[in-house]
file final-v1.cif (mmCIF, C-alpha atoms)
data_structure
#
loop_
_atom_site.label_atom_id
_atom_site.label_comp_id
_atom_site.auth_asym_id
_atom_site.auth_seq_id
_atom_site.Cartn_x
_atom_site.Cartn_y
_atom_site.Cartn_z
CA MET A 1183 80.78 -101.67 -153.06
CA PRO A 1184 78.53 -103.10 -155.76
CA SER A 1185 74.79 -103.16 -155.25
CA ALA A 1186 71.70 -104.51 -156.93
CA LYS A 1187 67.99 -104.24 -156.47
CA CYS A 1188 66.00 -107.02 -154.87
CA PRO A 1189 63.53 -108.13 -157.55
CA ILE A 1190 60.91 -108.92 -154.92
CA CYS A 1191 60.85 -105.98 -152.52
CA GLY A 1192 62.69 -103.45 -154.66
CA LEU A 1193 65.19 -102.43 -152.00
CA ASN A 1194 68.80 -101.87 -152.90
CA ILE A 1195 71.14 -104.55 -151.56
CA GLU A 1196 74.80 -103.83 -150.96
CA LEU A 1197 76.93 -106.70 -152.06
CA PRO A 1198 80.48 -107.75 -151.14
CA ASP A 1199 83.26 -106.38 -153.34
CA ASP A 1200 84.14 -109.92 -154.40
CA VAL A 1201 80.59 -110.95 -155.25
CA LEU A 1202 80.43 -113.44 -158.09
CA PRO A 1203 77.64 -114.82 -160.26
CA GLY A 1204 76.18 -117.97 -158.78
CA GLU A 1205 76.34 -116.78 -155.20
CA ILE A 1206 73.30 -117.19 -153.02
CA ILE A 1207 72.11 -114.27 -150.89
CA GLU A 1208 69.39 -114.25 -148.24
CA HIS A 1209 67.68 -110.88 -148.20
CA GLU A 1210 65.98 -109.39 -145.17
CA CYS A 1211 62.66 -109.40 -147.03
CA GLY A 1212 62.74 -113.22 -146.74
CA VAL A 1213 63.59 -114.16 -150.28
CA VAL A 1214 66.64 -116.19 -151.27
CA LEU A 1215 68.36 -114.60 -154.25
CA GLU A 1216 70.86 -115.77 -156.80
CA VAL A 1217 73.50 -113.48 -158.31
CA VAL A 1218 73.57 -113.65 -162.11
CA GLY A 1219 75.56 -111.77 -164.70
CA ASP A 1220 73.75 -109.31 -166.93
CA ASP A 1221 74.35 -108.24 -170.53
CA ASN A 1222 76.47 -105.26 -169.47
CA ASN A 1223 79.01 -107.37 -167.59
CA GLY A 1224 77.35 -106.29 -164.38
CA ILE A 1225 75.33 -108.30 -161.97
CA THR A 1226 71.69 -108.65 -161.17
CA LEU A 1227 69.66 -110.65 -158.70
CA LYS A 1228 66.91 -113.15 -159.29
CA PRO A 1229 64.94 -115.34 -156.91
CA LEU A 1230 66.58 -118.70 -156.43
CA GLU A 1231 64.36 -121.34 -157.95
CA GLY A 1232 65.31 -123.80 -155.27
CA ILE A 1233 66.97 -127.16 -155.33
CA SER A 1234 66.14 -128.78 -158.62
CA GLU A 1235 65.45 -132.50 -158.92
CA ASP A 1236 68.68 -132.96 -160.86
CA TRP A 1237 70.96 -131.20 -158.40
CA GLY A 1238 73.70 -133.18 -156.76
CA GLU A 1239 77.17 -134.58 -157.21
CA MET B 830 99.77 -118.32 -167.47
CA VAL B 831 97.38 -121.26 -167.69
CA THR B 832 93.67 -120.37 -167.88
CA ILE B 833 91.17 -122.81 -166.40
CA GLY B 834 87.55 -122.25 -167.33
CA LEU B 835 85.44 -122.89 -164.22
CA ILE B 836 82.05 -124.00 -165.57
CA TYR B 837 79.44 -123.70 -162.84
CA ASP B 838 75.91 -122.68 -161.93
CA VAL B 839 75.95 -122.29 -158.13
CA LEU B 840 78.98 -120.91 -156.33
CA ARG B 841 79.39 -123.36 -153.48
CA TRP B 842 82.24 -123.69 -150.99
CA GLU B 843 83.98 -125.99 -153.45
CA GLU B 844 83.99 -123.47 -156.28
CA ARG B 845 85.25 -120.72 -153.98
CA ALA B 846 88.00 -123.04 -152.72
CA LEU B 847 89.05 -123.85 -156.29
CA ILE B 848 89.18 -120.15 -157.18
CA GLU B 849 91.29 -119.34 -154.12
CA SER B 850 93.59 -122.26 -154.78
CA ALA B 851 94.11 -121.16 -158.38
CA LYS B 852 95.03 -117.66 -157.19
CA ARG B 853 97.63 -119.10 -154.82
CA GLU B 854 99.06 -121.24 -157.62
CA ASP B 855 99.20 -118.26 -159.99
CA VAL B 856 96.66 -119.86 -162.31
CA ASN B 857 94.09 -117.77 -164.13
CA ILE B 858 90.45 -118.78 -163.56
CA LYS B 859 87.87 -117.78 -166.12
CA LEU B 860 84.46 -117.96 -164.51
CA ILE B 861 81.84 -119.42 -166.83
CA HIS B 862 78.53 -119.04 -165.00
CA ILE B 863 76.23 -121.17 -167.11
CA PRO B 864 72.94 -119.39 -166.25
CA SER B 865 74.58 -116.13 -167.43
CA THR B 866 76.07 -117.65 -170.59
CA HIS B 867 75.05 -118.73 -174.04
CA ILE B 868 77.28 -120.97 -176.13
CA TYR B 869 77.33 -120.91 -179.92
CA ILE B 870 77.82 -124.45 -181.17
CA TYR B 871 79.38 -123.30 -184.41
CA GLY B 872 82.29 -121.17 -185.38
CA GLU B 873 85.44 -121.23 -183.30
CA GLU B 874 85.36 -117.45 -183.21
CA HIS B 875 82.53 -117.74 -180.65
CA ASN B 876 84.51 -120.00 -178.37
CA ILE B 877 85.18 -118.92 -174.82
CA SER B 878 88.94 -118.83 -174.50
CA MET B 879 90.42 -121.27 -171.96
CA ASP B 880 93.23 -123.80 -171.89
CA ILE B 881 91.07 -126.38 -170.15
CA GLY B 882 87.65 -126.45 -168.53
CA LEU B 883 86.61 -127.80 -165.15
CA GLN B 884 82.96 -128.80 -164.98
CA ARG B 885 81.38 -127.85 -161.64
CA CYS B 886 77.64 -127.43 -162.31
CA VAL B 887 75.48 -128.77 -159.49
CA SER B 888 72.69 -129.46 -162.01
CA HIS B 889 73.37 -132.80 -163.65
CA GLN B 890 71.73 -131.65 -166.86
CA PHE B 891 73.62 -128.34 -166.97
CA ALA B 892 76.86 -130.22 -166.32
CA LEU B 893 76.29 -132.70 -169.12
CA GLU B 894 74.91 -130.34 -171.74
CA SER B 895 77.37 -127.52 -171.18
CA THR B 896 80.26 -130.01 -171.36
CA ILE B 897 78.90 -131.35 -174.63
CA ALA B 898 78.62 -127.80 -175.96
CA PHE B 899 82.16 -126.84 -175.02
CA GLU B 900 83.58 -130.11 -176.33
CA ALA B 901 81.86 -129.42 -179.66
CA LEU B 902 84.01 -126.32 -179.92
CA GLY B 903 87.17 -128.33 -179.35
CA ASN B 904 87.65 -127.61 -175.64
CA ARG B 905 89.04 -130.19 -173.24
CA ILE B 906 86.68 -130.40 -170.29
CA VAL B 907 87.26 -132.35 -167.08
CA ASN B 908 85.28 -134.45 -166.59
CA ASN B 909 84.37 -135.28 -170.20
CA SER B 910 80.78 -135.64 -171.34
CA TYR B 911 80.92 -139.45 -171.55
CA SER B 912 81.94 -139.86 -167.92
CA ILE B 913 79.35 -137.31 -166.80
CA ALA B 914 76.59 -139.03 -168.76
CA VAL B 915 77.54 -142.44 -167.40
CA SER B 916 77.85 -141.36 -163.79
CA ASN B 917 74.58 -139.42 -163.97
CA ASP B 918 72.78 -142.69 -164.76
CA LYS B 919 72.97 -145.33 -162.04
CA LEU B 920 72.01 -148.14 -164.40
CA TRP B 921 74.57 -147.16 -167.02
CA THR B 922 77.23 -146.98 -164.30
CA THR B 923 76.26 -150.36 -162.87
CA ALA B 924 76.05 -151.98 -166.30
CA LEU B 925 79.56 -150.88 -167.21
CA LEU B 926 81.00 -151.93 -163.88
CA VAL B 927 79.37 -155.36 -164.08
CA LYS B 928 80.59 -155.77 -167.65
CA TYR B 929 84.16 -155.23 -166.47
CA ASN B 930 83.82 -157.45 -163.39
CA ILE B 931 83.87 -154.67 -160.83
CA PRO B 932 82.10 -155.85 -157.67
CA THR B 933 78.82 -154.03 -157.10
CA PRO B 934 75.69 -154.63 -155.05
CA ARG B 935 73.21 -156.86 -156.86
CA ILE B 936 70.80 -154.82 -158.94
CA VAL B 937 67.61 -155.61 -160.79
CA ILE B 938 65.76 -153.30 -163.15
CA ALA B 939 62.05 -153.42 -163.80
CA PHE B 940 59.90 -151.40 -166.19
CA SER B 941 56.51 -152.00 -164.62
CA GLN B 942 54.97 -152.45 -161.19
CA GLU B 943 54.28 -156.14 -161.74
CA GLN B 944 57.81 -156.87 -162.85
CA ALA B 945 59.22 -154.92 -159.91
CA TYR B 946 57.34 -157.21 -157.53
CA ARG B 947 58.51 -160.31 -159.39
CA ALA B 948 62.10 -159.03 -159.48
CA ILE B 949 62.38 -159.35 -155.72
CA GLU B 950 62.02 -163.13 -155.95
CA LYS B 951 65.77 -163.35 -156.53
CA LEU B 952 66.75 -160.59 -154.09
CA ASN B 953 65.96 -160.81 -150.40
CA TYR B 954 64.32 -158.08 -148.43
CA PRO B 955 65.15 -155.45 -147.52
CA VAL B 956 65.84 -153.80 -150.85
CA VAL B 957 66.65 -150.23 -151.82
CA ILE B 958 64.81 -148.48 -154.63
CA LYS B 959 66.64 -145.56 -156.23
CA PRO B 960 65.95 -143.07 -159.01
CA LEU B 961 68.20 -143.63 -162.02
CA ASN B 962 69.38 -140.04 -161.78
CA GLY B 963 69.61 -138.62 -158.29
CA SER B 964 71.96 -137.48 -155.58
CA TRP B 965 72.25 -136.59 -151.93
CA GLY B 966 70.13 -139.62 -151.00
CA ARG B 967 67.10 -137.96 -152.51
CA LEU B 968 64.12 -140.27 -153.22
CA VAL B 969 66.10 -143.33 -152.11
CA SER B 970 63.71 -145.71 -150.38
CA LEU B 971 64.09 -148.82 -148.28
CA ALA B 972 61.50 -151.59 -148.63
CA ARG B 973 61.64 -154.07 -145.80
CA ASP B 974 58.81 -156.22 -147.01
CA GLU B 975 56.38 -156.64 -149.84
CA GLU B 976 53.90 -154.16 -148.38
CA GLU B 977 56.50 -151.40 -148.32
CA LEU B 978 57.76 -152.31 -151.77
CA ARG B 979 54.27 -152.11 -153.22
CA THR B 980 53.68 -148.71 -151.63
CA ILE B 981 56.94 -147.29 -152.95
CA ILE B 982 56.60 -148.72 -156.44
CA GLU B 983 52.99 -147.56 -156.73
CA HIS B 984 53.94 -144.03 -155.71
CA ARG B 985 56.81 -143.99 -158.21
CA THR B 986 54.56 -145.26 -160.98
CA TYR B 987 52.27 -142.26 -160.59
CA MET B 988 55.05 -139.69 -160.57
CA PRO B 989 54.91 -137.63 -163.78
CA SER B 990 58.43 -138.23 -165.07
CA PRO B 991 58.81 -141.46 -167.06
CA ILE B 992 62.17 -142.01 -165.40
CA PHE B 993 60.33 -143.01 -162.22
CA LYS B 994 58.63 -145.83 -164.08
CA ILE B 995 62.01 -147.54 -164.35
CA HIS B 996 62.67 -149.22 -161.05
CA TYR B 997 66.34 -149.57 -160.09
CA ILE B 998 66.26 -152.00 -157.18
CA GLN B 999 69.42 -152.69 -155.25
CA GLU B 1000 70.05 -155.31 -152.60
CA PHE B 1001 70.49 -153.88 -149.12
CA VAL B 1002 74.15 -154.21 -148.17
CA LYS B 1003 74.89 -154.72 -144.47
CA LYS B 1004 77.37 -151.88 -144.12
CA PRO B 1005 79.31 -151.46 -140.88
CA GLY B 1006 77.58 -148.17 -140.04
CA ARG B 1007 79.52 -146.36 -142.71
CA ASP B 1008 80.48 -146.22 -146.34
CA ILE B 1009 83.54 -144.88 -148.12
CA ARG B 1010 83.92 -141.90 -150.43
CA ALA B 1011 87.18 -142.24 -152.31
CA PHE B 1012 88.45 -139.44 -154.52
CA VAL B 1013 90.25 -139.99 -157.78
CA VAL B 1014 92.29 -137.15 -159.29
CA GLY B 1015 94.11 -137.97 -162.48
CA GLY B 1016 94.99 -141.59 -161.82
CA GLU B 1017 95.65 -141.15 -158.11
CA VAL B 1018 93.56 -141.71 -154.99
CA PRO B 1019 94.84 -138.90 -152.75
CA VAL B 1020 92.19 -139.00 -150.05
CA ALA B 1021 89.14 -140.88 -148.83
CA ILE B 1022 86.62 -140.53 -146.04
CA TYR B 1023 84.28 -142.78 -144.13
CA ARG B 1024 80.74 -141.40 -143.96
CA ILE B 1025 79.44 -142.61 -140.66
CA SER B 1026 75.77 -142.70 -139.84
CA ASN B 1027 73.31 -144.65 -137.75
CA HIS B 1028 70.95 -144.31 -140.68
CA TRP B 1029 71.38 -146.56 -143.70
CA ILE B 1030 71.65 -143.47 -145.93
CA THR B 1031 75.13 -142.20 -145.17
CA ASN B 1032 75.37 -139.14 -147.46
CA THR B 1033 76.82 -136.18 -145.59
CA ALA B 1034 73.98 -134.19 -147.17
CA ARG B 1035 71.72 -136.36 -145.00
CA GLY B 1036 73.76 -136.00 -141.82
CA GLY B 1037 76.50 -138.59 -142.30
CA LYS B 1038 79.71 -137.65 -140.47
CA ALA B 1039 82.97 -137.58 -142.38
CA VAL B 1040 86.18 -138.98 -140.91
CA PRO B 1041 89.44 -139.85 -142.67
CA ALA B 1042 89.51 -143.31 -144.24
CA LYS B 1043 92.40 -145.64 -144.78
CA ILE B 1044 93.17 -146.24 -148.43
CA ASP B 1045 94.48 -149.76 -148.71
CA PRO B 1046 95.97 -151.09 -151.97
CA GLU B 1047 92.83 -153.08 -152.75
CA LEU B 1048 90.57 -150.03 -152.46
CA GLU B 1049 93.00 -147.91 -154.44
CA GLU B 1050 93.26 -150.39 -157.28
CA LEU B 1051 89.49 -150.88 -157.38
CA VAL B 1052 88.54 -147.20 -157.62
CA LEU B 1053 91.24 -146.54 -160.21
CA ARG B 1054 89.82 -149.33 -162.32
CA VAL B 1055 86.40 -147.73 -161.98
CA ALA B 1056 87.74 -144.34 -163.07
CA LYS B 1057 89.34 -145.91 -166.12
CA ILE B 1058 86.11 -147.70 -167.08
CA ILE B 1059 83.99 -144.57 -166.62
CA LYS B 1060 86.72 -142.49 -168.36
CA GLY B 1061 86.57 -139.97 -165.52
CA GLU B 1062 89.52 -138.03 -164.16
CA ILE B 1063 88.17 -136.26 -161.05
CA LEU B 1064 85.63 -138.46 -159.32
CA GLY B 1065 84.05 -139.16 -155.96
CA ILE B 1066 83.43 -142.90 -155.81
CA ASP B 1067 81.13 -144.41 -153.20
CA VAL B 1068 82.13 -147.82 -151.87
CA PHE B 1069 80.35 -150.22 -149.56
CA GLU B 1070 82.09 -152.73 -147.31
CA ASP B 1071 80.19 -155.98 -147.43
CA PRO B 1072 81.02 -158.41 -144.59
CA GLU B 1073 81.36 -161.32 -147.02
CA ARG B 1074 82.20 -159.84 -150.40
CA GLY B 1075 84.42 -156.95 -149.36
CA TYR B 1076 84.42 -153.71 -151.33
CA LEU B 1077 81.41 -153.07 -153.56
CA ILE B 1078 81.17 -150.00 -155.79
CA ASN B 1079 77.86 -148.23 -155.14
CA GLU B 1080 78.05 -145.21 -157.41
CA VAL B 1081 80.28 -142.69 -159.12
CA ASN B 1082 80.04 -138.90 -158.86
CA SER B 1083 81.54 -136.80 -161.63
CA VAL B 1084 81.03 -133.34 -160.11
CA THR B 1085 81.99 -134.32 -156.64
CA GLU B 1086 81.64 -132.21 -153.53
CA PHE B 1087 84.54 -132.21 -151.09
CA ARG B 1088 83.92 -129.57 -148.43
CA ASN B 1089 83.41 -132.18 -145.70
CA THR B 1090 86.40 -134.17 -146.90
CA VAL B 1091 88.75 -131.20 -146.69
CA ALA B 1092 87.41 -130.33 -143.25
CA ALA B 1093 87.73 -133.90 -141.96
CA THR B 1094 91.12 -134.78 -143.42
CA GLY B 1095 92.92 -131.46 -143.84
CA TYR B 1096 93.89 -132.59 -147.32
CA ASP B 1097 94.09 -129.76 -149.85
CA LEU B 1098 91.95 -131.36 -152.54
CA PRO B 1099 91.29 -128.06 -154.37
CA ARG B 1100 95.02 -127.61 -154.83
CA LYS B 1101 95.39 -131.17 -156.07
CA ILE B 1102 92.66 -130.58 -158.65
CA ILE B 1103 94.12 -127.28 -159.86
CA SER B 1104 97.61 -128.80 -160.09
CA TYR B 1105 96.29 -131.73 -162.06
CA LEU B 1106 94.58 -129.47 -164.59
CA VAL B 1107 97.68 -127.27 -164.97
CA ASN B 1108 99.82 -130.35 -165.59
CA LEU B 1109 97.37 -131.54 -168.23
CA VAL B 1110 97.72 -128.23 -170.07
CA LYS B 1111 101.48 -128.21 -169.83
CA ARG B 1112 101.91 -131.77 -171.15
#
call {"tool": "encode", "arguments": {"input": "final-v1.cif", "output": "structure tokens"}}
result
Amino acid sequence: MPSAKCPICGLNIELPDDVLPGEIIEHECGVVLEVVGDDNNGITLKPLEGISEDWGE
Amino acid sequence: MVTIGLIYDVLRWEERALIESAKREDVNIKLIHIPSTHIYIYGEEHNISMDIGLQRCVSHQFALESTIAFEALGNRIVNNSYSIAVSNDKLWTTALLVKYNIPTPRIVIAFSQEQAYRAIEKLNYPVVIKPLNGSWGRLVSLARDEEELRTIIEHRTYMPSPIFKIHYIQEFVKKPGRDIRAFVVGGEVPVAIYRISNHWITNTARGGKAVPAKIDPELEELVLRVAKIIKGEILGIDVFEDPERGYLINEVNSVTEFRNTVAATGYDLPRKIISYLVNLVKR
């Protein structure tokens, strides 16, 4: 099971086996995180910046 | 095996549904997560290999610019950058539709507060003021009288982005408690929903309820004409029903959501989209 560190609280978060970049995760520390790919073809987590003013259909 | 590049930023229900549908159809999906990607705009050797791309970014700017970038490298992207650029801009969309005699609500554009107030002389209250680039009913305002109009326009004038100093003012259409979202996929209109709401903003993002809609020949012909004008292939087109004028095209969405439509109608729109893209490649 893949895992990544929460960038805010530092705790390790276990992620689903089929986790993909772009997924949104709510961590128990209260932060909403976004899954992004890293340079090593792995994944990392960053705080979701929130709904941008140009989001939509 | 056909490879579809799924160009996206946020993995919503729709993107998951497209991925699952592709798996069932034995189609390879190459995930192109834009925030994790950089795109060289030179040299085909840098190109990301795909037979065709499907643009699914929720950010209008990411959708447009990443499509432009991939098209520069010779990729076929659905929807193309022209249709995305047009549908991102409500004025551009309206201008094209009016030019080609597509019925739309009456619109006036003003570039200053004073002209916005004068513009209403030929429209009756209430009027709807919209941002040129927006979605989900965000920052859409109803002005029922001059006092409300002045308040809204003054607030917009002091917003930092210059885009809010262009006032797109639309007549208020007396809808029958609903509007229509009709989907176009490659020259067909496979499904449509009514978005029902007691509120005048009927977006499902704002609580509108989706139920299946009847697609009559007039509606079908109208939205297909719109798709051809906008040069879009996979679109969500919003239609009003005016009691006197009939169908009026409100706006066009080029990276359309369809979770509520699939739930309400049972129609497998992800499969339709994947099949369409595969057929395009195989032509």
call {"tool": "closest_residue", "arguments": {"input": "final-v1.cif", "among": "B:Ile998, B:Ile1059, B:Ile938, B:Leu926", "to": "Ile958 of chain B", "atoms": "all atoms listed in the file"}}
result
B:Ile998
call {"tool": "interface_residues", "arguments": {"input": "final-v1.cif", "of": "chain A", "to": "chain B", "cutoff": "8 Å", "atoms": "all atoms listed in the file", "output": "VMD selection string"}}
result
chain A and resid 1202 to 1206 1218 to 1220 1234 to 1239
call {"tool": "axis_aligned_box", "arguments": {"input": "final-v1.cif", "around": "segment 952-960 of chain B", "padding_each_side": "5 Å", "output": "JSON"}}
result
{"center_x": 65.5, "center_y": -151.9, "center_z": -153.3, "size_x": 12.4, "size_y": 27.7, "size_z": 21.5}
call {"tool": "resolve_selection", "arguments": {"input": "final-v1.cif", "expression": "the PyMOL selection byres ((chain B and resi 834) around 7)", "output": "list in words"}}
result
Thr832, Ile833, Leu835, Ile836, Ile858, Lys859, Leu860, Ile861, Met879, Ile881, Gly882 and Leu883 of chain B
call {"tool": "atom_distance", "arguments": {"input": "final-v1.cif", "atom1": "atom CA of Asp1071 of chain B", "atom2": "atom CA of Val1055 of chain B"}}
result
17.8 Å
call {"tool": "atom_distance", "arguments": {"input": "final-v1.cif", "atom1": "atom CA of Arg853 of chain B", "atom2": "atom CA of Met1183 of chain A"}}
result
24.3 Å
call {"tool": "resolve_selection", "arguments": {"input": "final-v1.cif", "expression": "the PyMOL selection byres ((chain A and resi 1197) around 8)", "output": "ChimeraX atom specification"}}
result
/A:1183-1186,1195-1196,1198-1199,1201
call {"tool": "resolve_selection", "arguments": {"input": "final-v1.cif", "expression": "the PyMOL selection byres ((chain B and resi 970-984) around 6)", "output": "PyMOL selection string"}}
result
chain B and resi 954-958+969+985-987
call {"tool": "atom_distance", "arguments": {"input": "final-v1.cif", "atom1": "atom CA of Glu1080 of chain B", "atom2": "atom CA of Arg1035 of chain B"}}
result
16.5 Å
call {"tool": "residues_around", "arguments": {"input": "final-v1.cif", "residues": "Leu902 of chain B", "least_positions_apart": "3", "cutoff": "10 Å", "atoms": "all atoms listed in the file", "output": "ChimeraX atom specification"}}
result
/B:868-877,897-899,905
call {"tool": "write_last_selection", "arguments": {"input": "final-v1.cif", "atoms": "C-alpha atoms", "output": "tab-separated table (two decimals), in the coordinates of the input"}}
result
chain	number	residue	atom	x	y	z
B	868	ILE	CA	77.28	-120.97	-176.13
B	869	TYR	CA	77.33	-120.91	-179.92
B	870	ILE	CA	77.82	-124.45	-181.17
B	871	TYR	CA	79.38	-123.30	-184.41
B	872	GLY	CA	82.29	-121.17	-185.38
B	873	GLU	CA	85.44	-121.23	-183.30
B	874	GLU	CA	85.36	-117.45	-183.21
B	875	HIS	CA	82.53	-117.74	-180.65
B	876	ASN	CA	84.51	-120.00	-178.37
B	877	ILE	CA	85.18	-118.92	-174.82
B	897	ILE	CA	78.90	-131.35	-174.63
B	898	ALA	CA	78.62	-127.80	-175.96
B	899	PHE	CA	82.16	-126.84	-175.02
B	905	ARG	CA	89.04	-130.19	-173.24
call {"tool": "closest_residue", "arguments": {"input": "final-v1.cif", "among": "B:Tyr946, B:Tyr1105, B:Tyr1076, B:Tyr929", "to": "Val1014 of chain B", "atoms": "all atoms listed in the file"}}
result
B:Tyr1105
call {"tool": "residues_around", "arguments": {"input": "final-v1.cif", "residues": "Asp918 of chain B", "least_positions_apart": "3", "cutoff": "9 Å", "atoms": "all atoms listed in the file", "output": "MDAnalysis selection string"}}
result
chainID B and resid 913:915 921:923 960:963
call {"tool": "residues_around", "arguments": {"input": "final-v1.cif", "residues": "Thr1033 of chain B", "least_positions_apart": "6", "cutoff": "9 Å", "atoms": "all atoms listed in the file", "output": "short mmCIF file (atom, residue, chain, number, x, y, z; two decimals) with C-alpha atoms, in the frame of the given file"}}
result
data_model
loop_
_atom_site.label_atom_id
_atom_site.label_comp_id
_atom_site.auth_asym_id
_atom_site.auth_seq_id
_atom_site.Cartn_x
_atom_site.Cartn_y
_atom_site.Cartn_z
CA TRP B 965 72.25 -136.59 -151.93
CA ARG B 1024 80.74 -141.40 -143.96
CA ILE B 1025 79.44 -142.61 -140.66
CA SER B 1026 75.77 -142.70 -139.84
CA ALA B 1039 82.97 -137.58 -142.38
CA ASN B 1089 83.41 -132.18 -145.70
#
call {"tool": "residues_around", "arguments": {"input": "final-v1.cif", "residues": "Leu1230 of chain A", "least_positions_apart": "2", "cutoff": "7 Å", "atoms": "all atoms listed in the file", "output": "list in words"}}
result
Val1214, Leu1215, Glu1216, Lys1228 and Gly1232 of chain A
call {"tool": "closest_residue", "arguments": {"input": "final-v1.cif", "among": "A:Asp1200, A:Glu1231, A:Gly1224, A:Cys1188", "to": "Gly1212 of chain A", "atoms": "only C-alpha atoms"}}
result
A:Cys1188
call {"tool": "closest_residue", "arguments": {"input": "final-v1.cif", "among": "B:Glu1017, B:Ile1009, B:Ala851, B:Gly1075", "to": "Val831 of chain B", "atoms": "only C-alpha atoms"}}
result
B:Ala851
call {"tool": "build_atoms", "arguments": {"input": "final-v1.cif", "residues": "segment 1191-1211 of chain A", "atoms": "N, CA and C atoms", "output": "PDB file, keeping the file's coordinate frame"}}
result
ATOM      1  N   CYS A1191      61.301-107.115-153.331  1.00  0.00           N
ATOM      2  CA  CYS A1191      60.850-105.980-152.520  1.00  0.00           C
ATOM      3  C   CYS A1191      61.326-104.645-153.078  1.00  0.00           C
ATOM      4  N   GLY A1192      62.243-104.681-154.016  1.00  0.00           N
ATOM      5  CA  GLY A1192      62.690-103.450-154.660  1.00  0.00           C
ATOM      6  C   GLY A1192      63.779-102.697-153.925  1.00  0.00           C
ATOM      7  N   LEU A1193      64.159-103.147-152.746  1.00  0.00           N
ATOM      8  CA  LEU A1193      65.190-102.430-152.000  1.00  0.00           C
ATOM      9  C   LEU A1193      66.557-102.701-152.604  1.00  0.00           C
ATOM     10  N   ASN A1194      67.440-101.712-152.437  1.00  0.00           N
ATOM     11  CA  ASN A1194      68.800-101.870-152.900  1.00  0.00           C
ATOM     12  C   ASN A1194      69.593-102.732-151.924  1.00  0.00           C
ATOM     13  N   ILE A1195      70.349-103.671-152.427  1.00  0.00           N
ATOM     14  CA  ILE A1195      71.140-104.550-151.560  1.00  0.00           C
ATOM     15  C   ILE A1195      72.607-104.286-151.843  1.00  0.00           C
ATOM     16  N   GLU A1196      73.349-103.982-150.792  1.00  0.00           N
ATOM     17  CA  GLU A1196      74.800-103.830-150.960  1.00  0.00           C
ATOM     18  C   GLU A1196      75.440-105.206-150.948  1.00  0.00           C
ATOM     19  N   LEU A1197      76.321-105.380-151.898  1.00  0.00           N
ATOM     20  CA  LEU A1197      76.930-106.700-152.060  1.00  0.00           C
ATOM     21  C   LEU A1197      78.424-106.633-151.761  1.00  0.00           C
ATOM     22  N   PRO A1198      79.032-107.767-151.396  1.00  0.00           N
ATOM     23  CA  PRO A1198      80.480-107.750-151.140  1.00  0.00           C
ATOM     24  C   PRO A1198      81.246-107.353-152.397  1.00  0.00           C
ATOM     25  N   ASP A1199      82.426-106.788-152.209  1.00  0.00           N
ATOM     26  CA  ASP A1199      83.260-106.380-153.340  1.00  0.00           C
ATOM     27  C   ASP A1199      83.607-107.571-154.234  1.00  0.00           C
ATOM     28  N   ASP A1200      83.734-108.743-153.620  1.00  0.00           N
ATOM     29  CA  ASP A1200      84.140-109.920-154.400  1.00  0.00           C
ATOM     30  C   ASP A1200      82.946-110.777-154.781  1.00  0.00           C
ATOM     31  N   VAL A1201      81.780-110.171-154.875  1.00  0.00           N
ATOM     32  CA  VAL A1201      80.590-110.950-155.250  1.00  0.00           C
ATOM     33  C   VAL A1201      80.759-111.536-156.641  1.00  0.00           C
ATOM     34  N   LEU A1202      80.289-112.759-156.809  1.00  0.00           N
ATOM     35  CA  LEU A1202      80.430-113.440-158.090  1.00  0.00           C
ATOM     36  C   LEU A1202      79.084-114.010-158.512  1.00  0.00           C
ATOM     37  N   PRO A1203      78.857-114.139-159.804  1.00  0.00           N
ATOM     38  CA  PRO A1203      77.640-114.820-160.260  1.00  0.00           C
ATOM     39  C   PRO A1203      77.567-116.229-159.692  1.00  0.00           C
ATOM     40  N   GLY A1204      76.361-116.634-159.344  1.00  0.00           N
ATOM     41  CA  GLY A1204      76.180-117.970-158.780  1.00  0.00           C
ATOM     42  C   GLY A1204      76.108-117.979-157.274  1.00  0.00           C
ATOM     43  N   GLU A1205      76.432-116.828-156.656  1.00  0.00           N
ATOM     44  CA  GLU A1205      76.340-116.780-155.200  1.00  0.00           C
ATOM     45  C   GLU A1205      74.891-116.689-154.766  1.00  0.00           C
ATOM     46  N   ILE A1206      74.642-117.190-153.561  1.00  0.00           N
ATOM     47  CA  ILE A1206      73.300-117.190-153.020  1.00  0.00           C
ATOM     48  C   ILE A1206      73.262-116.166-151.885  1.00  0.00           C
ATOM     49  N   ILE A1207      72.223-115.317-151.906  1.00  0.00           N
ATOM     50  CA  ILE A1207      72.110-114.270-150.890  1.00  0.00           C
ATOM     51  C   ILE A1207      70.736-114.364-150.256  1.00  0.00           C
ATOM     52  N   GLU A1208      70.692-114.293-148.938  1.00  0.00           N
ATOM     53  CA  GLU A1208      69.390-114.250-148.240  1.00  0.00           C
ATOM     54  C   GLU A1208      69.100-112.802-147.896  1.00  0.00           C
ATOM     55  N   HIS A1209      68.006-112.285-148.453  1.00  0.00           N
ATOM     56  CA  HIS A1209      67.680-110.880-148.200  1.00  0.00           C
ATOM     57  C   HIS A1209      66.738-110.764-147.017  1.00  0.00           C
ATOM     58  N   GLU A1210      66.790-109.613-146.383  1.00  0.00           N
ATOM     59  CA  GLU A1210      65.980-109.390-145.170  1.00  0.00           C
ATOM     60  C   GLU A1210      64.485-109.444-145.458  1.00  0.00           C
ATOM     61  N   CYS A1211      64.101-109.324-146.723  1.00  0.00           N
ATOM     62  CA  CYS A1211      62.660-109.400-147.030  1.00  0.00           C
ATOM     63  C   CYS A1211      62.190-110.863-147.015  1.00  0.00           C
TER      64      CYS A1211
END
